file input15.pdb (PDB, C-alpha atoms)
ATOM      1  CA  MET C   1     -54.407 -17.631 -24.788
ATOM      2  CA  SER C   2     -52.130 -15.138 -23.159
ATOM      3  CA  SER C   3     -52.233 -11.581 -24.339
ATOM      4  CA  PRO C   4     -49.123  -9.943 -25.923
ATOM      5  CA  ALA C   5     -48.796  -7.673 -22.887
ATOM      6  CA  ARG C   6     -48.521 -10.656 -20.547
ATOM      7  CA  THR C   7     -46.032 -12.324 -22.885
ATOM      8  CA  LEU C   8     -43.815  -9.224 -22.829
ATOM      9  CA  ALA C   9     -44.177  -8.787 -19.062
ATOM     10  CA  ARG C  10     -42.777 -12.234 -18.218
ATOM     11  CA  PRO C  11     -39.152 -11.529 -19.289
ATOM     12  CA  VAL C  12     -39.322  -8.203 -17.447
ATOM     13  CA  ARG C  13     -40.443  -9.924 -14.246
ATOM     14  CA  LYS C  14     -37.682 -12.545 -14.641
ATOM     15  CA  ARG C  15     -35.039  -9.858 -15.065
ATOM     16  CA  ARG C  16     -36.336  -8.001 -12.034
ATOM     17  CA  LEU C  17     -36.325 -11.216 -10.006
ATOM     18  CA  ARG C  18     -32.755 -12.031 -11.060
ATOM     19  CA  TRP C  19     -31.642  -8.503 -10.222
ATOM     20  CA  GLU C  20     -33.319  -8.662  -6.814
ATOM     21  CA  VAL C  21     -31.615 -11.979  -6.028
ATOM     22  CA  ALA C  22     -28.249 -10.623  -7.182
ATOM     23  CA  ARG C  23     -28.768  -7.441  -5.138
ATOM     24  CA  ARG C  24     -29.465  -9.419  -1.989
ATOM     25  CA  ILE C  25     -26.449 -11.678  -2.510
ATOM     26  CA  LEU C  26     -24.153  -8.693  -3.065
ATOM     27  CA  GLY C  27     -25.646  -6.982  -0.021
ATOM     28  CA  LEU C  28     -24.919 -10.044   2.107
ATOM     29  CA  ALA C  29     -21.356 -10.150   0.765
ATOM     30  CA  ALA C  30     -20.848  -6.470   1.602
ATOM     31  CA  ALA C  31     -22.318  -6.950   5.068
ATOM     32  CA  GLY C  32     -20.100  -9.990   5.621
ATOM     33  CA  SER C  33     -16.996  -8.037   4.627
ATOM     34  CA  SER C  34     -17.925  -5.200   6.972
ATOM     35  CA  LEU C  35     -18.505  -7.713   9.766
ATOM     36  CA  VAL C  36     -15.058  -9.246   9.227
ATOM     37  CA  VAL C  37     -13.423  -5.802   9.415
ATOM     38  CA  ALA C  38     -15.370  -5.012  12.583
ATOM     39  CA  LEU C  39     -14.358  -8.339  14.161
ATOM     40  CA  ILE C  40     -10.691  -7.736  13.327
ATOM     41  CA  CYS C  41     -10.863  -4.252  14.820
ATOM     42  CA  GLY C  42     -12.627  -5.595  17.912
ATOM     43  CA  PHE C  43      -9.990  -8.308  18.396
ATOM     44  CA  LEU C  44      -7.157  -5.787  18.089
ATOM     45  CA  VAL C  45      -8.769  -3.329  20.493
ATOM     46  CA  LYS C  46      -9.504  -6.059  23.036
ATOM     47  CA  ASP C  47      -6.004  -7.549  23.062
ATOM     48  CA  ALA C  48      -4.250  -4.175  22.849
ATOM     49  CA  ALA C  49      -6.219  -2.653  25.735
ATOM     50  CA  PRO C  50      -3.851  -3.855  28.528
ATOM     51  CA  VAL C  51      -0.824  -2.041  27.120
ATOM     52  CA  PHE C  52      -2.778   1.213  26.772
ATOM     53  CA  GLN C  53      -4.103   0.803  30.300
ATOM     54  CA  SER C  54      -0.571   0.207  31.581
ATOM     55  CA  GLN C  55       1.398   2.682  29.477
ATOM     56  CA  GLY C  56      -1.225   5.209  28.432
ATOM     57  CA  LEU C  57      -0.013   7.685  25.825
ATOM     58  CA  ARG C  58       3.558   6.689  26.671
ATOM     59  CA  PHE C  59       2.974   3.713  24.402
ATOM     60  CA  LEU C  60       2.755   6.132  21.475
ATOM     61  CA  THR C  61       5.461   8.553  22.594
ATOM     62  CA  GLY C  62       7.844   6.287  24.490
ATOM     63  CA  ARG C  63      11.295   5.539  23.070
ATOM     64  CA  GLU C  64      12.171   2.440  25.087
ATOM     65  CA  TRP C  65      11.073  -1.144  24.412
ATOM     66  CA  ASP C  66      12.296  -3.290  27.291
ATOM     67  CA  THR C  67      10.630  -6.629  28.003
ATOM     68  CA  SER C  68      12.528  -7.086  31.289
ATOM     69  CA  THR C  69      10.831  -4.042  32.838
ATOM     70  CA  ASP C  70       7.598  -4.220  30.817
ATOM     71  CA  THR C  71       8.303  -0.826  29.279
ATOM     72  CA  TYR C  72       6.945  -0.497  25.770
ATOM     73  CA  GLY C  73       7.230   2.567  23.566
ATOM     74  CA  ALA C  74       6.130   2.422  19.942
ATOM     75  CA  LEU C  75       7.712   5.683  18.754
ATOM     76  CA  PRO C  76      10.875   4.092  17.221
ATOM     77  CA  MET C  77       8.703   1.686  15.208
ATOM     78  CA  LEU C  78       6.364   4.490  14.114
ATOM     79  CA  VAL C  79       9.294   6.605  12.936
ATOM     80  CA  GLY C  80      10.886   3.630  11.178
ATOM     81  CA  THR C  81       7.616   2.849   9.381
ATOM     82  CA  PHE C  82       7.270   6.487   8.374
ATOM     83  CA  TRP C  83      10.747   6.740   6.854
ATOM     84  CA  VAL C  84      10.576   3.396   5.050
ATOM     85  CA  THR C  85       7.207   4.311   3.525
ATOM     86  CA  VAL C  86       8.364   7.790   2.502
ATOM     87  CA  ILE C  87      11.509   6.412   0.843
ATOM     88  CA  ALA C  88       9.599   3.630  -0.915
ATOM     89  CA  VAL C  89       6.799   5.802  -2.276
ATOM     90  CA  GLY C  90       9.122   8.723  -3.040
ATOM     91  CA  CYS C  91      11.445   6.529  -5.110
ATOM     92  CA  ALA C  92       8.791   4.303  -6.718
ATOM     93  CA  ALA C  93       6.159   6.893  -7.693
ATOM     94  CA  PRO C  94       8.197   8.957 -10.240
ATOM     95  CA  VAL C  95       9.619   5.848 -11.935
ATOM     96  CA  ALA C  96       6.285   4.032 -11.965
ATOM     97  CA  LEU C  97       4.291   6.998 -13.271
ATOM     98  CA  GLY C  98       6.873   7.757 -15.938
ATOM     99  CA  SER C  99       6.926   4.127 -17.040
ATOM    100  CA  ALA C 100       3.124   4.040 -17.112
ATOM    101  CA  VAL C 101       3.042   7.109 -19.370
ATOM    102  CA  PHE C 102       5.619   5.542 -21.695
ATOM    103  CA  ILE C 103       3.757   2.239 -21.933
ATOM    104  CA  SER C 104       0.336   3.822 -22.344
ATOM    105  CA  GLU C 105       1.106   6.764 -24.610
ATOM    106  CA  VAL C 106       4.244   5.793 -26.550
ATOM    107  CA  LEU C 107       4.275   2.034 -26.989
ATOM    108  CA  THR C 108       1.712   0.448 -29.265
ATOM    109  CA  GLY C 109       0.546  -3.003 -30.272
ATOM    110  CA  LYS C 110       2.621  -6.008 -29.235
ATOM    111  CA  ALA C 111       5.335  -3.907 -27.593
ATOM    112  CA  ARG C 112       2.819  -2.416 -25.157
ATOM    113  CA  LEU C 113       1.262  -5.818 -24.458
ATOM    114  CA  ALA C 114       4.684  -7.395 -23.833
ATOM    115  CA  ALA C 115       5.770  -4.580 -21.495
ATOM    116  CA  LYS C 116       2.568  -4.719 -19.469
ATOM    117  CA  SER C 117       2.688  -8.525 -19.253
ATOM    118  CA  LEU C 118       6.246  -8.363 -17.916
ATOM    119  CA  ILE C 119       5.241  -5.791 -15.290
ATOM    120  CA  GLU C 120       2.282  -7.896 -14.159
ATOM    121  CA  LEU C 121       4.590 -10.911 -13.925
ATOM    122  CA  LEU C 122       6.937  -8.973 -11.623
ATOM    123  CA  ALA C 123       3.965  -8.080  -9.409
ATOM    124  CA  GLY C 124       3.492 -11.773  -8.670
ATOM    125  CA  VAL C 125       7.007 -12.393  -7.323
ATOM    126  CA  PRO C 126       6.783 -13.406  -3.615
ATOM    127  CA  SER C 127       8.089 -10.858  -1.142
ATOM    128  CA  ILE C 128      10.519 -13.380   0.357
ATOM    129  CA  VAL C 129      12.285 -13.538  -3.019
ATOM    130  CA  TYR C 130      12.721  -9.770  -2.997
ATOM    131  CA  GLY C 131      14.038 -10.063   0.555
ATOM    132  CA  LEU C 132      16.645 -12.638  -0.437
ATOM    133  CA  ILE C 133      17.752 -10.495  -3.373
ATOM    134  CA  GLY C 134      17.966  -7.540  -1.000
ATOM    135  CA  ILE C 135      20.228  -9.477   1.370
ATOM    136  CA  ALA C 136      22.472 -10.683  -1.462
ATOM    137  CA  LEU C 137      22.780  -7.433  -3.421
ATOM    138  CA  LEU C 138      21.238  -4.362  -1.815
ATOM    139  CA  LEU C 139      22.815  -4.639   1.644
ATOM    140  CA  THR C 140      26.277  -5.009   0.139
ATOM    141  CA  PHE C 141      25.670  -2.088  -2.216
ATOM    142  CA  VAL C 142      24.502   0.265   0.568
ATOM    143  CA  ARG C 143      27.316  -0.845   2.888
ATOM    144  CA  ASP C 144      30.020  -0.213   0.284
ATOM    145  CA  ILE C 145      28.598   3.052  -1.084
ATOM    146  CA  PHE C 146      28.259   4.708   2.319
ATOM    147  CA  SER C 147      31.179   2.901   4.044
ATOM    148  CA  LEU C 148      28.972   1.380   6.744
ATOM    149  CA  PRO C 149      29.735  -1.594   8.982
ATOM    150  CA  ASP C 150      26.370  -3.097   8.048
ATOM    151  CA  GLY C 151      24.037  -2.426   5.121
ATOM    152  CA  ALA C 152      20.847  -3.163   7.086
ATOM    153  CA  THR C 153      19.397   0.349   7.343
ATOM    154  CA  LEU C 154      16.224   2.344   6.852
ATOM    155  CA  LEU C 155      17.496   3.341   3.421
ATOM    156  CA  SER C 156      17.949  -0.300   2.392
ATOM    157  CA  ALA C 157      14.431  -1.208   3.493
ATOM    158  CA  GLY C 158      12.961   1.786   1.674
ATOM    159  CA  LEU C 159      14.817   1.068  -1.569
ATOM    160  CA  LEU C 160      13.860  -2.607  -1.521
ATOM    161  CA  LEU C 161      10.235  -1.726  -0.847
ATOM    162  CA  ALA C 162      10.320   0.783  -3.708
ATOM    163  CA  VAL C 163      11.314  -2.011  -6.101
ATOM    164  CA  MET C 164       8.466  -4.138  -4.751
ATOM    165  CA  LEU C 165       5.941  -1.330  -5.267
ATOM    166  CA  LEU C 166       6.958  -0.569  -8.847
ATOM    167  CA  PRO C 167       5.001  -3.348 -10.652
ATOM    168  CA  THR C 168       1.712  -2.748  -8.862
ATOM    169  CA  LEU C 169       1.969   1.031  -9.080
ATOM    170  CA  MET C 170       2.909   0.933 -12.782
ATOM    171  CA  THR C 171       0.030  -1.420 -13.611
ATOM    172  CA  VAL C 172      -2.594   0.645 -11.790
ATOM    173  CA  ALA C 173      -1.266   3.922 -13.231
ATOM    174  CA  GLU C 174      -1.193   2.518 -16.768
ATOM    175  CA  ASP C 175      -4.789   1.321 -16.432
ATOM    176  CA  ALA C 176      -5.775   4.800 -15.248
ATOM    177  CA  LEU C 177      -4.163   6.411 -18.288
ATOM    178  CA  GLN C 178      -5.747   3.906 -20.650
ATOM    179  CA  ALA C 179      -9.158   4.704 -19.148
ATOM    180  CA  VAL C 180      -8.922   8.310 -20.411
ATOM    181  CA  PRO C 181     -11.284   8.586 -23.409
ATOM    182  CA  ARG C 182      -9.646   8.746 -26.822
ATOM    183  CA  GLU C 183     -11.711  11.861 -27.606
ATOM    184  CA  ILE C 184      -9.667  13.884 -25.098
ATOM    185  CA  ARG C 185      -6.436  13.017 -26.889
ATOM    186  CA  ASP C 186      -7.994  13.759 -30.287
ATOM    187  CA  ALA C 187      -9.315  17.118 -29.086
ATOM    188  CA  ALA C 188      -5.884  18.133 -27.766
ATOM    189  CA  ARG C 189      -4.237  17.128 -31.047
ATOM    190  CA  ALA C 190      -6.862  19.042 -33.010
ATOM    191  CA  LEU C 191      -5.965  22.163 -31.047
ATOM    192  CA  GLY C 192      -2.346  21.828 -32.170
ATOM    193  CA  SER C 193      -0.817  20.143 -29.111
ATOM    194  CA  ASN C 194       2.123  17.821 -29.675
ATOM    195  CA  ARG C 195       2.437  14.460 -27.916
ATOM    196  CA  SER C 196       4.069  15.759 -24.725
ATOM    197  CA  GLU C 197       1.602  18.652 -24.452
ATOM    198  CA  THR C 198      -1.293  16.251 -24.955
ATOM    199  CA  ILE C 199      -0.027  13.955 -22.209
ATOM    200  CA  LEU C 200       0.761  16.694 -19.693
ATOM    201  CA  GLY C 201      -2.100  19.055 -20.515
ATOM    202  CA  ALA C 202      -4.974  16.717 -21.313
ATOM    203  CA  VAL C 203      -4.412  13.070 -20.394
ATOM    204  CA  ALA C 204      -2.611  13.459 -17.049
ATOM    205  CA  PRO C 205      -5.091  15.959 -15.524
ATOM    206  CA  HIS C 206      -8.017  13.726 -16.496
ATOM    207  CA  ALA C 207      -6.342  10.667 -14.950
ATOM    208  CA  LEU C 208      -4.988  12.545 -11.914
ATOM    209  CA  PRO C 209      -7.579  11.288  -9.381
ATOM    210  CA  ALA C 210      -6.854   7.668 -10.263
ATOM    211  CA  LEU C 211      -3.095   8.318 -10.220
ATOM    212  CA  ILE C 212      -3.334   9.858  -6.744
ATOM    213  CA  GLY C 213      -5.347   6.840  -5.647
ATOM    214  CA  ALA C 214      -2.680   4.521  -7.043
ATOM    215  CA  VAL C 215       0.030   6.295  -5.031
ATOM    216  CA  LEU C 216      -2.033   6.146  -1.829
ATOM    217  CA  LEU C 217      -2.747   2.450  -2.362
ATOM    218  CA  ALA C 218       0.978   1.882  -2.889
ATOM    219  CA  ALA C 219       1.606   3.639   0.430
ATOM    220  CA  GLY C 220      -0.870   1.260   2.060
ATOM    221  CA  ARG C 221       0.983  -1.685   0.564
ATOM    222  CA  ALA C 222       4.272  -0.298   1.861
ATOM    223  CA  LEU C 223       2.870   0.035   5.373
ATOM    224  CA  GLY C 224       1.887  -3.623   5.547
ATOM    225  CA  GLU C 225       4.940  -5.323   4.034
ATOM    226  CA  THR C 226       6.687  -7.565   6.560
ATOM    227  CA  ILE C 227       9.094 -10.284   5.453
ATOM    228  CA  ALA C 228      11.233  -8.400   2.940
ATOM    229  CA  VAL C 229      11.492  -5.327   5.186
ATOM    230  CA  MET C 230      12.323  -7.446   8.230
ATOM    231  CA  LEU C 231      15.287  -8.994   6.393
ATOM    232  CA  VAL C 232      16.992  -5.707   5.464
ATOM    233  CA  VAL C 233      15.945  -3.016   7.967
ATOM    234  CA  GLY C 234      18.022  -4.212  10.923
ATOM    235  CA  SER C 235      16.706  -4.751  14.440
ATOM    236  CA  LEU C 236      17.507  -1.651  16.495
ATOM    237  CA  ASP C 237      14.658  -0.345  18.664
ATOM    238  CA  ARG C 238      15.988   3.194  18.726
ATOM    239  CA  LEU C 239      15.129   6.483  17.090
ATOM    240  CA  PRO C 240      17.511   7.619  14.323
ATOM    241  CA  GLN C 241      20.014  10.180  15.569
ATOM    242  CA  PRO C 242      19.517  12.729  14.154
ATOM    243  CA  PHE C 243      15.875  12.254  13.175
ATOM    244  CA  TYR C 244      16.635  12.298   9.423
ATOM    245  CA  ASN C 245      19.537   9.817   9.566
ATOM    246  CA  LEU C 246      18.506   6.986   7.245
ATOM    247  CA  LEU C 247      21.789   5.081   7.403
ATOM    248  CA  VAL C 248      21.105   3.344  10.722
ATOM    249  CA  PRO C 249      19.449   0.013  11.593
ATOM    250  CA  ALA C 250      15.881   0.431  12.811
ATOM    251  CA  GLN C 251      12.544  -1.289  13.142
ATOM    252  CA  THR C 252       9.172  -0.902  11.501
ATOM    253  CA  MET C 253       5.909  -1.930  13.101
ATOM    254  CA  THR C 254       5.648  -4.988  10.872
ATOM    255  CA  SER C 255       9.246  -6.106  11.399
ATOM    256  CA  LYS C 256       8.871  -5.738  15.173
ATOM    257  CA  ILE C 257       5.720  -7.848  15.208
ATOM    258  CA  GLY C 258       7.305 -10.447  12.937
ATOM    259  CA  ARG C 259      10.396 -10.775  15.101
ATOM    260  CA  GLU C 260       8.859 -10.908  18.567
ATOM    261  CA  LEU C 261       5.397 -12.384  18.223
ATOM    262  CA  ASN C 262       6.581 -15.993  18.521
ATOM    263  CA  GLU C 263       8.658 -15.053  21.575
ATOM    264  CA  SER C 264       5.748 -13.537  23.509
ATOM    265  CA  ALA C 265       3.219 -15.514  25.505
ATOM    266  CA  MET C 266      -0.420 -14.761  24.882
ATOM    267  CA  GLY C 267      -1.875 -12.655  27.669
ATOM    268  CA  THR C 268       1.397 -10.979  28.625
ATOM    269  CA  LEU C 269       1.978  -7.243  28.359
ATOM    270  CA  GLN C 270       4.543  -7.860  25.621
ATOM    271  CA  TYR C 271       1.929  -9.664  23.543
ATOM    272  CA  SER C 272      -0.508  -6.808  24.156
ATOM    273  CA  ALA C 273       2.133  -4.287  23.047
ATOM    274  CA  LEU C 274       2.693  -6.186  19.797
ATOM    275  CA  VAL C 275      -1.045  -6.306  19.164
ATOM    276  CA  GLY C 276      -1.077  -2.575  19.920
ATOM    277  CA  LEU C 277       1.396  -2.080  17.077
ATOM    278  CA  GLY C 278      -0.935  -4.108  14.878
ATOM    279  CA  LEU C 279      -3.842  -1.885  15.900
ATOM    280  CA  LEU C 280      -1.876   1.254  15.013
ATOM    281  CA  LEU C 281      -0.941  -0.257  11.660
ATOM    282  CA  PHE C 282      -4.562  -1.240  11.037
ATOM    283  CA  LEU C 283      -5.792   2.283  11.778
ATOM    284  CA  ILE C 284      -3.138   3.944   9.606
ATOM    285  CA  THR C 285      -3.918   1.610   6.702
ATOM    286  CA  LEU C 286      -7.641   2.222   7.185
ATOM    287  CA  LEU C 287      -7.118   5.982   7.096
ATOM    288  CA  THR C 288      -5.013   5.636   3.931
ATOM    289  CA  THR C 289      -7.767   3.626   2.247
ATOM    290  CA  LEU C 290     -10.400   6.141   3.310
ATOM    291  CA  ALA C 291      -8.217   8.911   1.899
ATOM    292  CA  VAL C 292      -8.294   7.159  -1.481
ATOM    293  CA  HIS C 293     -12.096   7.076  -1.449
ATOM    294  CA  ILE C 294     -12.287  10.724  -0.405
ATOM    295  CA  VAL C 295      -9.651  12.171  -2.737
ATOM    296  CA  ILE C 296     -10.730  10.447  -5.958
ATOM    297  CA  PRO C 297     -14.417  11.521  -5.956
ATOM    298  CA  ARG C 298     -13.501  15.111  -5.035
ATOM    299  CA  ARG C 299     -10.897  15.351  -7.773
ATOM    300  CA  GLN C 300     -13.315  13.825 -10.282
ATOM    301  CA  ALA C 301     -15.991  16.339  -9.268
ATOM    302  CA  ARG C 302     -13.581  19.208  -9.883
TER     303      ARG C 302
END
call {"tool": "encode", "arguments": {"input": "input15.pdb", "output": "structure tokens"}}
result
Amino acid sequence: MSSPARTLARPVRKRRLRWEVARRILGLAAAGSSLVVALICGFLVKDAAPVFQSQGLRFLTGREWDTSTDTYGALPMLVGTFWVTVIAVGCAAPVALGSAVFISEVLTGKARLAAKSLIELLAGVPSIVYGLIGIALLLTFVRDIFSLPDGATLLSAGLLLAVMLLPTLMTVAEDALQAVPREIRDAARALGSNRSETILGAVAPHALPALIGAVLLAAGRALGETIAVMLVVGSLDRLPQPFYNLLVPAQTMTSKIGRELNESAMGTLQYSALVGLGLLLFLITLLTTLAVHIVIPRRQAR
């Protein structure tokens, strides 16, 4: 007969064994993901090396992109990506955060569930659909409002991307606000705060790290969008004149890669330059993601 101690020890050993197996599987998955990222980075560095060897830092600072003379400068695409991302995040963040506060703190019951379901449905719309809507409506609107010969501009791309970011940003921000413990709201109300004071003085500061992370993740999404931006940004490989002129056709890194990749032969300097743009985009996105993981823990610690 087995003793009671042995009988109780068996379930403990089984749980430990299951946990050990799960830990090893998760460790392998994490290692596999890291390996994939390393392989992608290695591929980009390898194929982008010729353009850096040929152009040096001129690839980052050059303004000309001429395939006939093998002159490749990424500065116009970097500036275009910067302005499109700034416009998109700058326009989407206030609307998305305000909507998230309204849904989380004002709506209740079925109304809140219906609003959030609609937002999540919008997040699943393919980017090509947004691009087609942009061509049909947004380009005409921008052209007529600013009396331009063509509505394909940096402003158009930024506004379209802002609409695309809204559902994801609203959903993540609303989840962050909902994660704030109910006790914090109750404590603020007990101290005499009204609804707006409770939201601004108690709920928002507690959720601020997650809200900052949501904005940074939205910026990462904006950096990588291709099809919709390519349809409305134009195709001019030139810097805006002046630098802050947003009513001119331009290029982003993604739109440039999308337009020319099929026209370049593998192994040519043009192909290497396009991969170089991909490497720059990869590094910028990686830095944005790292910023999320650095900012959130520090804000939570404070």
call {"tool": "atom_distance", "arguments": {"input": "input15.pdb", "atom1": "CA of Leu279 (chain C)", "atom2": "CA of Asn262 (chain C)"}}
result
17.7 Å
call {"tool": "resolve_selection", "arguments": {"input": "input15.pdb", "expression": "the PyMOL selection byres ((chain C and resi 144-160) around 6)", "output": "list in words"}}
result
Val84, Ile87, Ala88, Leu139, Phe141, Val142, Arg143, Leu161, Ala162, Val163, Val229, Val232, Val233, Gly234, Leu246, Leu247, Val248 and Pro249 of chain C
call {"tool": "atom_distance", "arguments": {"input": "input15.pdb", "atom1": "CA of Gly90 (chain C)", "atom2": "CA of Glu64 (chain C)"}}
result
29.0 Å
call {"tool": "resolve_selection", "arguments": {"input": "input15.pdb", "expression": "the PyMOL selection byres ((chain C and resi 165) around 12)", "output": "VMD selection string"}}
result
chain C and resid 85 87 to 97 119 to 120 122 to 125 127 130 158 to 164 166 to 173 214 to 225
call {"tool": "atom_distance", "arguments": {"input": "input15.pdb", "atom1": "CA of Ala22 (chain C)", "atom2": "CA of Val37 (chain C)"}}
result
22.8 Å
call {"tool": "closest_residue", "arguments": {"input": "input15.pdb", "among": "C:Ser235, C:Pro181, C:Leu277, C:Val106", "to": "Ser196 (chain C)", "atoms": "all atoms listed in the file"}}
result
C:Val106
call {"tool": "axis_aligned_box", "arguments": {"input": "input15.pdb", "around": "region 73-84 of chain C", "padding_each_side": "4 Å", "output": "JSON"}}
result
{"center_x": 8.5, "center_y": 4.2, "center_z": 14.3, "size_x": 12.8, "size_y": 13.1, "size_z": 26.5}
call {"tool": "closest_residue", "arguments": {"input": "input15.pdb", "among": "C:Leu78, C:Ala30, C:Ala38, C:Gln251", "to": "Leu286 (chain C)", "atoms": "all atoms listed in the file"}}
result
C:Ala38
call {"tool": "resolve_selection", "arguments": {"input": "input15.pdb", "expression": "the PyMOL selection byres ((chain C and resi 271-273) around 8)", "output": "CSV table (one decimal) with C-alpha atoms, in the frame of the given file"}}
result
chain,number,residue,atom,x,y,z
C,47,ASP,CA,-6.0,-7.5,23.1
C,48,ALA,CA,-4.2,-4.2,22.8
C,49,ALA,CA,-6.2,-2.7,25.7
C,50,PRO,CA,-3.9,-3.9,28.5
C,51,VAL,CA,-0.8,-2.0,27.1
C,72,TYR,CA,6.9,-0.5,25.8
C,261,LEU,CA,5.4,-12.4,18.2
C,264,SER,CA,5.7,-13.5,23.5
C,265,ALA,CA,3.2,-15.5,25.5
C,266,MET,CA,-0.4,-14.8,24.9
C,267,GLY,CA,-1.9,-12.7,27.7
C,268,THR,CA,1.4,-11.0,28.6
C,269,LEU,CA,2.0,-7.2,28.4
C,270,GLN,CA,4.5,-7.9,25.6
C,274,LEU,CA,2.7,-6.2,19.8
C,275,VAL,CA,-1.0,-6.3,19.2
C,276,GLY,CA,-1.1,-2.6,19.9
C,277,LEU,CA,1.4,-2.1,17.1
call {"tool": "closest_residue", "arguments": {"input": "input15.pdb", "among": "C:Ile133, C:Ala291, C:Met253, C:Ala176", "to": "Leu231 (chain C)", "atoms": "all atoms listed in the file"}}
result
C:Ile133
call {"tool": "residues_around", "arguments": {"input": "input15.pdb", "residues": "Gly73 (chain C)", "least_positions_apart": "5", "cutoff": "7 Å", "atoms": "all atoms listed in the file", "output": "list in words"}}
result
Arg58, Phe59, Leu60, Thr61, Gly62, Arg63, Glu64 and Trp65 of chain C
